[in-house]
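Engineer: The following file, input_24.cif, comprises mmCIF, C-alpha atoms:
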data_model
loop_
_atom_site.label_atom_id
_atom_site.label_comp_id
_atom_site.auth_asym_id
_atom_site.auth_seq_id
_atom_site.Cartn_x
_atom_site.Cartn_y
_atom_site.Cartn_z
CA MET A 232 7.10 19.68 13.67
CA GLN A 233 9.77 22.05 12.44
CA CYS A 234 8.85 25.64 11.53
CA ILE A 235 11.30 28.20 10.24
CA PRO A 236 10.78 31.97 10.23
CA ILE A 237 11.29 33.75 6.93
CA ASP A 238 11.11 37.41 6.14
CA PHE A 239 8.48 38.08 3.49
CA LEU A 240 8.05 41.75 2.57
CA SER A 241 9.21 42.71 6.05
CA ARG A 242 6.70 40.44 7.73
CA THR A 243 7.78 37.35 9.50
CA CYS A 244 6.11 34.26 8.13
CA TYR A 245 6.57 30.71 9.25
CA VAL A 246 7.02 27.92 6.77
CA GLN A 247 6.02 24.47 7.95
CA LEU A 248 8.51 21.80 7.07
CA MET A 249 8.30 18.05 7.06
CA LEU A 250 8.06 16.14 10.31
CA GLU A 251 11.19 14.98 12.10
CA MET A 252 11.62 11.21 12.01
CA SER A 253 10.91 10.93 15.73
CA GLU A 254 7.63 12.78 15.17
CA VAL A 255 6.71 10.44 12.31
CA SER A 256 7.31 7.48 14.60
CA GLN A 257 5.19 9.07 17.33
CA VAL A 258 2.26 9.62 14.97
CA VAL A 259 2.42 6.04 13.70
CA ALA A 260 2.85 4.60 17.20
CA LYS A 261 -0.17 6.56 18.41
CA VAL A 262 -2.37 5.09 15.67
CA VAL A 263 -1.16 1.52 16.22
CA SER A 264 -1.37 1.83 20.02
CA ALA A 265 -5.01 2.82 19.82
CA SER A 266 -5.88 -0.30 17.81
CA PRO A 267 -6.18 -3.98 18.78
CA ALA A 268 -2.53 -4.33 17.67
CA GLY A 269 -1.51 -1.83 20.35
CA PRO A 270 -0.47 -4.32 23.04
CA THR A 271 1.91 -6.02 20.60
CA LEU A 272 3.66 -2.80 19.50
CA SER A 273 7.29 -2.59 20.54
CA ARG A 274 8.54 0.47 18.61
CA VAL A 275 8.37 2.31 15.31
CA LEU A 276 11.46 3.04 13.23
CA SER A 277 11.29 5.84 10.67
CA ALA A 278 13.78 7.07 8.09
CA PRO A 279 13.65 9.28 5.02
CA THR A 280 13.71 7.42 1.72
CA LEU A 281 12.63 7.70 -1.90
CA ASP A 282 9.59 6.05 -3.42
CA SER A 283 9.55 4.15 -6.71
CA ALA A 284 9.16 7.42 -8.63
CA GLY A 285 12.15 9.03 -6.90
CA GLU A 286 9.97 11.27 -4.72
CA ALA A 287 10.75 11.89 -1.06
CA ALA A 288 9.01 9.26 1.05
CA LEU A 289 9.11 7.76 4.53
CA ASP A 290 10.43 4.33 5.40
CA VAL A 291 8.36 3.31 8.42
CA LYS A 292 8.93 -0.03 10.14
CA ILE A 293 6.39 -1.13 12.72
CA VAL A 294 8.15 -3.47 15.14
CA LEU A 295 6.07 -5.86 17.20
CA ARG A 296 6.94 -7.75 20.33
CA ASN A 297 7.73 -11.39 19.84
CA ASP A 298 4.16 -12.50 20.25
CA THR A 299 2.69 -14.57 17.47
CA VAL A 300 1.43 -12.31 14.72
CA ASP A 301 -1.97 -13.91 14.29
CA ASP A 302 -4.84 -13.01 11.96
CA VAL A 303 -6.36 -10.59 14.48
CA ILE A 304 -3.13 -8.61 14.75
CA VAL A 305 -2.64 -8.66 10.97
CA GLY A 306 -6.21 -7.42 10.53
CA ALA A 307 -5.61 -4.59 12.99
CA LEU A 308 -2.35 -3.61 11.25
CA VAL A 309 -4.14 -3.54 7.90
CA ASP A 310 -6.95 -1.44 9.36
CA ASN A 311 -4.36 1.00 10.73
CA ILE A 312 -3.11 2.00 7.28
CA SER A 313 -5.78 4.63 6.67
CA GLY A 314 -5.32 5.99 10.19
CA ILE A 315 -1.56 6.30 9.65
CA PHE A 316 -2.10 8.20 6.39
CA ARG A 317 -4.65 10.50 8.04
CA GLY A 318 -2.48 11.04 11.12
CA LEU A 319 0.56 12.02 9.08
CA GLU A 320 -1.52 14.21 6.78
CA ALA A 321 -3.09 15.96 9.77
CA SER A 322 0.42 16.67 11.06
CA GLY A 323 1.33 18.37 7.80
CA GLU A 324 3.38 15.46 6.48
CA GLU A 325 3.01 14.96 2.74
CA ARG A 326 5.62 12.27 2.14
CA PHE A 327 4.26 8.83 1.31
CA PRO A 328 4.81 6.35 4.17
CA ILE A 329 6.17 3.02 2.92
CA LEU A 330 5.25 0.66 5.74
CA SER A 331 7.02 -2.53 6.69
CA TYR A 332 6.55 -4.88 9.62
CA ALA A 333 8.69 -7.15 11.78
CA THR A 334 8.84 -8.71 15.21
CA GLU A 335 11.83 -8.01 17.46
CA GLU A 336 12.92 -11.62 16.92
CA GLU A 337 12.82 -11.23 13.14
CA LEU A 338 14.84 -8.01 13.37
CA ALA A 339 17.50 -9.80 15.38
CA GLN A 340 17.82 -12.63 12.86
CA ASP A 341 20.95 -12.52 10.78
CA ASP A 342 20.30 -14.67 7.76
CA ASP A 343 22.22 -15.16 4.58
CA PRO A 344 22.27 -11.89 2.63
CA GLU A 345 22.21 -13.86 -0.61
CA SER A 346 19.40 -16.21 0.29
CA MET B 277 -7.26 -17.80 -21.89
CA THR B 278 -6.74 -18.15 -18.17
CA ILE B 279 -7.26 -15.18 -15.91
CA PRO B 280 -4.99 -15.40 -12.85
CA ASN B 281 -7.09 -16.06 -9.77
CA PRO B 282 -6.11 -13.49 -7.10
CA GLU B 283 -6.94 -15.91 -4.31
CA HIS B 284 -4.51 -18.46 -5.75
CA LEU B 285 -1.78 -15.82 -5.73
CA PHE B 286 -2.63 -14.98 -2.11
CA GLN B 287 -2.42 -18.68 -1.20
CA GLN B 288 0.97 -18.76 -2.92
CA VAL B 289 2.05 -15.93 -0.61
CA GLU B 290 1.01 -17.99 2.42
CA ARG B 291 3.07 -20.96 1.21
CA LEU B 292 6.13 -18.85 0.50
CA ALA B 293 6.07 -17.09 3.88
CA VAL B 294 6.46 -20.37 5.75
CA PRO B 295 10.01 -21.67 6.15
CA ALA B 296 10.54 -25.07 4.54
CA SER B 297 12.83 -26.22 7.33
CA ALA B 298 14.53 -24.69 10.35
CA GLY B 299 15.33 -20.99 10.20
CA PRO B 300 13.58 -18.06 8.63
CA PRO B 301 12.08 -18.17 5.12
CA ARG B 302 14.49 -17.35 2.31
CA GLN B 303 14.68 -13.77 1.13
CA ALA B 304 13.90 -14.94 -2.40
CA ASP B 305 10.66 -16.53 -1.15
CA LEU B 306 9.66 -13.50 0.90
CA ARG B 307 10.34 -11.14 -2.00
CA ARG B 308 8.29 -13.35 -4.32
CA ALA B 309 5.52 -13.48 -1.65
CA ILE B 310 5.24 -9.70 -1.40
CA SER B 311 5.32 -9.40 -5.16
CA SER B 312 2.56 -12.00 -5.51
CA ALA B 313 0.36 -10.18 -2.98
CA TYR B 314 0.56 -7.08 -5.17
CA TYR B 315 0.04 -9.08 -8.36
CA GLY B 316 -3.06 -10.72 -6.89
CA LEU B 317 -4.55 -7.28 -6.39
CA PHE B 318 -3.34 -6.06 -9.79
CA HIS B 319 -4.95 -8.99 -11.62
CA PHE B 320 -8.13 -8.50 -9.58
CA ILE B 321 -8.48 -4.90 -10.77
CA LEU B 322 -7.63 -5.85 -14.37
CA THR B 323 -10.38 -8.48 -14.29
CA CYS B 324 -12.84 -5.92 -12.88
CA LEU B 325 -11.86 -3.52 -15.65
CA ALA B 326 -12.19 -5.94 -18.55
CA ASP B 327 -15.42 -7.42 -17.15
CA ASP B 328 -16.90 -3.94 -16.71
CA MET B 329 -15.82 -2.56 -20.08
CA VAL B 330 -16.24 -5.65 -22.26
CA GLY B 331 -18.38 -8.01 -20.21
CA VAL B 332 -17.96 -11.12 -18.09
CA MET B 333 -19.45 -13.22 -20.88
CA GLN B 334 -16.68 -12.02 -23.19
CA ARG B 335 -13.90 -13.52 -21.09
CA GLY B 336 -11.66 -15.51 -23.36
CA THR B 337 -12.19 -13.19 -26.30
CA GLY B 338 -9.51 -11.04 -27.84
CA ARG B 339 -11.43 -7.88 -26.96
CA HIS B 340 -11.51 -8.80 -23.26
CA ALA B 341 -7.78 -9.59 -23.37
CA LEU B 342 -7.06 -6.32 -25.14
CA VAL B 343 -8.60 -4.27 -22.33
CA TYR B 344 -7.07 -6.55 -19.68
CA ARG B 345 -3.58 -5.99 -21.06
CA SER B 346 -3.95 -2.25 -21.65
CA ILE B 347 -3.07 -1.17 -18.10
CA ASP B 348 0.41 -0.87 -16.67
CA HIS B 349 1.39 -0.65 -13.03
CA ARG B 350 2.20 3.03 -13.14
CA ALA B 351 -1.28 3.90 -14.43
CA LEU B 352 -2.89 2.10 -11.51
CA ARG B 353 -0.54 3.73 -9.02
CA ASP B 354 -1.13 7.23 -10.45
CA LEU B 355 -4.90 6.85 -10.30
CA CYS B 356 -4.70 5.43 -6.78
CA LEU B 357 -2.66 8.44 -5.66
CA GLU B 358 -5.30 10.73 -7.18
CA ALA B 359 -8.19 8.77 -5.65
CA GLN B 360 -6.86 9.40 -2.16
CA LYS B 361 -7.08 13.15 -2.49
CA SER B 362 -9.95 15.02 -0.86
CA THR B 363 -9.57 17.75 -3.50
CA PRO B 364 -8.98 16.39 -7.00
CA SER B 365 -6.23 17.70 -9.28
CA ARG B 366 -7.26 20.18 -11.96
CA LYS B 367 -7.52 17.66 -14.78
CA PHE B 368 -9.78 15.43 -12.68
CA VAL B 369 -12.08 18.20 -11.36
CA SER B 370 -14.73 17.94 -14.07
CA ILE B 371 -14.92 14.15 -13.80
CA MET B 372 -14.54 13.36 -10.12
CA PRO B 373 -17.51 13.55 -7.76
CA ALA B 374 -17.31 16.55 -5.41
CA ALA B 375 -17.14 14.24 -2.40
CA GLY B 376 -14.33 12.21 -3.95
CA PHE B 377 -14.32 8.46 -4.47
CA GLY B 378 -15.68 7.61 -1.03
CA LEU B 379 -14.12 5.72 1.85
CA ASP B 380 -14.04 2.28 0.24
CA ILE B 381 -12.18 3.30 -2.91
CA GLN B 382 -9.95 5.71 -1.00
CA SER B 383 -8.97 2.92 1.35
CA PHE B 384 -8.48 0.51 -1.58
CA ALA B 385 -6.27 3.15 -3.24
CA ARG B 386 -4.06 3.64 -0.15
CA LYS B 387 -3.55 -0.09 0.22
CA THR B 388 -2.79 -0.52 -3.46
CA CYS B 389 -0.15 2.23 -3.29
CA GLU B 390 1.39 0.58 -0.22
CA LEU B 391 1.60 -2.78 -1.96
CA TYR B 392 2.92 -1.14 -5.15
CA GLU B 393 5.82 0.40 -3.23
CA SER B 394 6.50 -2.82 -1.29
CA ARG B 395 6.44 -4.87 -4.50
CA ASN B 396 8.79 -2.41 -6.17
CA ARG B 397 11.28 -2.86 -3.35
CA ALA B 398 10.82 -6.62 -3.23
CA ASP B 399 11.40 -6.97 -6.96
CA TYR B 400 14.16 -4.43 -7.58
CA ASP B 401 15.84 -3.10 -4.43
CA PRO B 402 18.58 -5.30 -2.93
CA GLN B 403 18.80 -3.26 0.29
CA PRO B 404 15.65 -4.10 2.30
CA ARG B 405 15.59 -7.34 4.25
CA PHE B 406 12.09 -8.79 4.35
CA VAL B 407 10.61 -10.94 7.10
CA ALA B 408 7.64 -13.29 7.32
CA THR B 409 5.55 -10.64 9.08
CA ASP B 410 5.93 -8.39 6.02
CA ALA B 411 4.46 -11.15 3.86
CA LYS B 412 1.61 -11.90 6.30
CA VAL B 413 0.59 -8.25 6.38
CA ALA B 414 0.95 -7.97 2.59
CA ILE B 415 -1.67 -10.70 2.07
CA GLY B 416 -3.91 -8.98 4.62
CA ILE B 417 -3.56 -5.69 2.76
CA ALA B 418 -4.27 -7.28 -0.61
CA ARG B 419 -7.36 -9.16 0.60
CA ALA B 420 -8.72 -6.11 2.43
CA ALA B 421 -8.17 -3.90 -0.62
CA ARG B 422 -9.98 -6.40 -2.84
CA LEU B 423 -12.92 -6.49 -0.42
CA GLN B 424 -13.10 -2.70 -0.17
CA PHE B 425 -13.16 -2.26 -3.94
CA SER B 426 -15.77 -5.02 -4.28
CA GLN B 427 -18.12 -3.40 -1.77
CA ALA B 428 -17.70 0.17 -3.09
CA ASP B 429 -20.54 2.06 -4.75
CA PRO B 430 -21.02 0.54 -8.25
CA GLY B 431 -21.07 3.96 -9.93
CA LEU B 432 -17.83 4.99 -8.27
CA LYS B 433 -16.23 1.68 -9.20
CA THR B 434 -17.14 2.17 -12.85
CA LEU B 435 -15.81 5.73 -12.72
CA PHE B 436 -12.54 4.49 -11.21
CA LEU B 437 -12.22 1.81 -13.89
CA THR B 438 -13.06 4.28 -16.65
CA LEU B 439 -10.35 6.64 -15.43
CA LEU B 440 -7.93 3.74 -15.26
CA LEU B 441 -8.57 2.92 -18.90
CA CYS B 442 -8.90 6.51 -20.07
CA PRO B 443 -6.91 8.89 -17.85
CA PRO B 444 -7.77 12.57 -18.47
CA ARG B 445 -5.24 14.49 -20.52
#
Can you present the structure in this file as structure tokens?
Structural biologist:
Amino acid sequence: MQCIPIDFLSRTCYVQLMLEMSEVSQVVAKVVSASPAGPTLSRVLSAPTLDSAGEAALDVKIVLRNDTVDDVIVGALVDNISGIFRGLEASGEERFPILSYATEEELAQDDDPES
Amino acid sequence: MTIPNPEHLFQQVERLAVPASAGPPRQADLRRAISSAYYGLFHFILTCLADDMVGVMQRGTGRHALVYRSIDHRALRDLCLEAQKSTPSRKFVSIMPAAGFGLDIQSFARKTCELYESRNRADYDPQPRFVATDAKVAIGIARAARLQFSQADPGLKTLFLTLLLCPPR
């Protein structure tokens, strides 16, 4: 988390800023790792973005190893959503996380951009 | 009058997420799949609303259709954002229960917002590249959200639906 000192009426105050992207990824990875989907987690990619209303948001991609993404894993990923929201909120992050999912194999695919 | 069956839309998602032949599913199919997952949930909540406000026995009537068609996507998203808050905004304070909407509706609201944003990207943003796993999780989110709203406290559900139809000014 990034904090910056500011001088406020000659007293030093610290203003908490938004999480760094690596910290966002760590929070999300921690939630997923602690769930039944944990063993399939490969990495988490995070980037700043805008939501549909033009507000600052987080683009968070949860990347899974190339195991089959079966119903159990999907169920665990769905159950993780509340935990991810709570984890980010507890870290002082107010931006909305827009979650997406892929396996490493899917990420490596290079299909037709117009398809 | 035919009310779209959410489960049929979810089954459509499953069909679209499977490649017809070799190679990954088409982007057009995946985008339509994610959109349909959201629409399944959207039609579910519209049905709940019209059934609650007008009555299940009134399905097929103009009055039921009037309430069904009165809600736009933004209204649902705005209420879902509010429903997630532990402390309600000022204009909701006098209406919302002190303890908030409870875990079921809060969880439903988070999932609905997630699908709303995903659907927005799938329908309008040419930049993201979607994969089959996105679509599989989108159906999971939509089905789980439907279940959580269905099993929520009846009084809180009615309050949520009332606020959806009549947002405080």
Engineer: Out of B:Arg339, B:Arg353, B:Lys433, B:Arg445, which residue has the shortest atom-to-atom distance to chain A when counting only C-alpha atoms?
Structural biologist: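 Selected residue with least distance to chain A: B:Arg353.
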Engineer: Between A:Val309, A:Met249, A:Val291, A:Ala339, which has the minimum distance to chain B (counting only C-alpha atoms)?
Structural biologist: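 Among the listed residues, the smallest separation from chain B belongs to A:Val309.
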Engineer: Select, as JSON, numbers by chain, those residues of chain B with any atom no more than 7 Å from chain A (distances computed using all atoms listed in the file).
Structural biologist: {"B": [302, 303, 304, 383, 390, 393, 396, 407, 409, 410, 413, 416, 417]}
Engineer: List the residues matched by the PyMOL selection byres ((chain B and resi 423) around 12) in the displayed structure as a VMD selection string, ordered by chain and then by residue number.
Structural biologist: chain B and resid 282 to 283 317 320 to 321 380 to 381 383 to 384 387 416 to 422 424 to 428
Engineer: So what do you get for CA of Ala359 in chain B versus CA of Gln382 in chain B, distance-wise?
Structural biologist: 5.8 Å
Engineer: Between CA of Cys389 in chain B and CA of Leu352 in chain B, what is the spacing in Å?
Structural biologist: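 Interatomic distance here is 8.7 Å.
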Engineer: The PyMOL selection byres ((chain B and resi 285-294) around 7) - which residues does that actually catch in the file I just gave you? List them as a list in words.
Structural biologist: Asn281, Pro282, Glu283, His284, Pro295, Ala296, Pro301, Asp305, Leu306, Ala309, Ser312, Ala313, Gly316, Ala408, Ala411 and Ile415 of chain B
Engineer: Please, what distance in Å, to one decimal, runs between CA of Lys367 in chain B and CA of Pro444 in chain B?
Structural biologist: 6.3 Å
Engineer: Using all atoms listed in the file, determine which residues lie at most 10 Å from Thr434 in chain B, disregarding the query and same-chain residues fewer than 4 positions distant; provide the list as number ranges by chain.
Structural biologist: B: 324-325, 328-329, 428-430, 438-440
Engineer: Using only C-alpha atoms, find the one residue out of A:Leu276, A:Ala288, A:Val259, A:Leu250 that sits nearest to Gly314 in chain A.
Structural biologist: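 The answer is A:Val259, which sits nearest to Gly314 in chain A.
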Engineer: Which residues, written as a PyMOL selection string, have at least one atom at most 12 Å from Leu342 in chain B, with all atoms listed in the file counted and residues fewer than 2 positions away on the same chain left out?
Structural biologist: chain B and resi 277+322-323+325-327+329-330+334-340+344-347+441
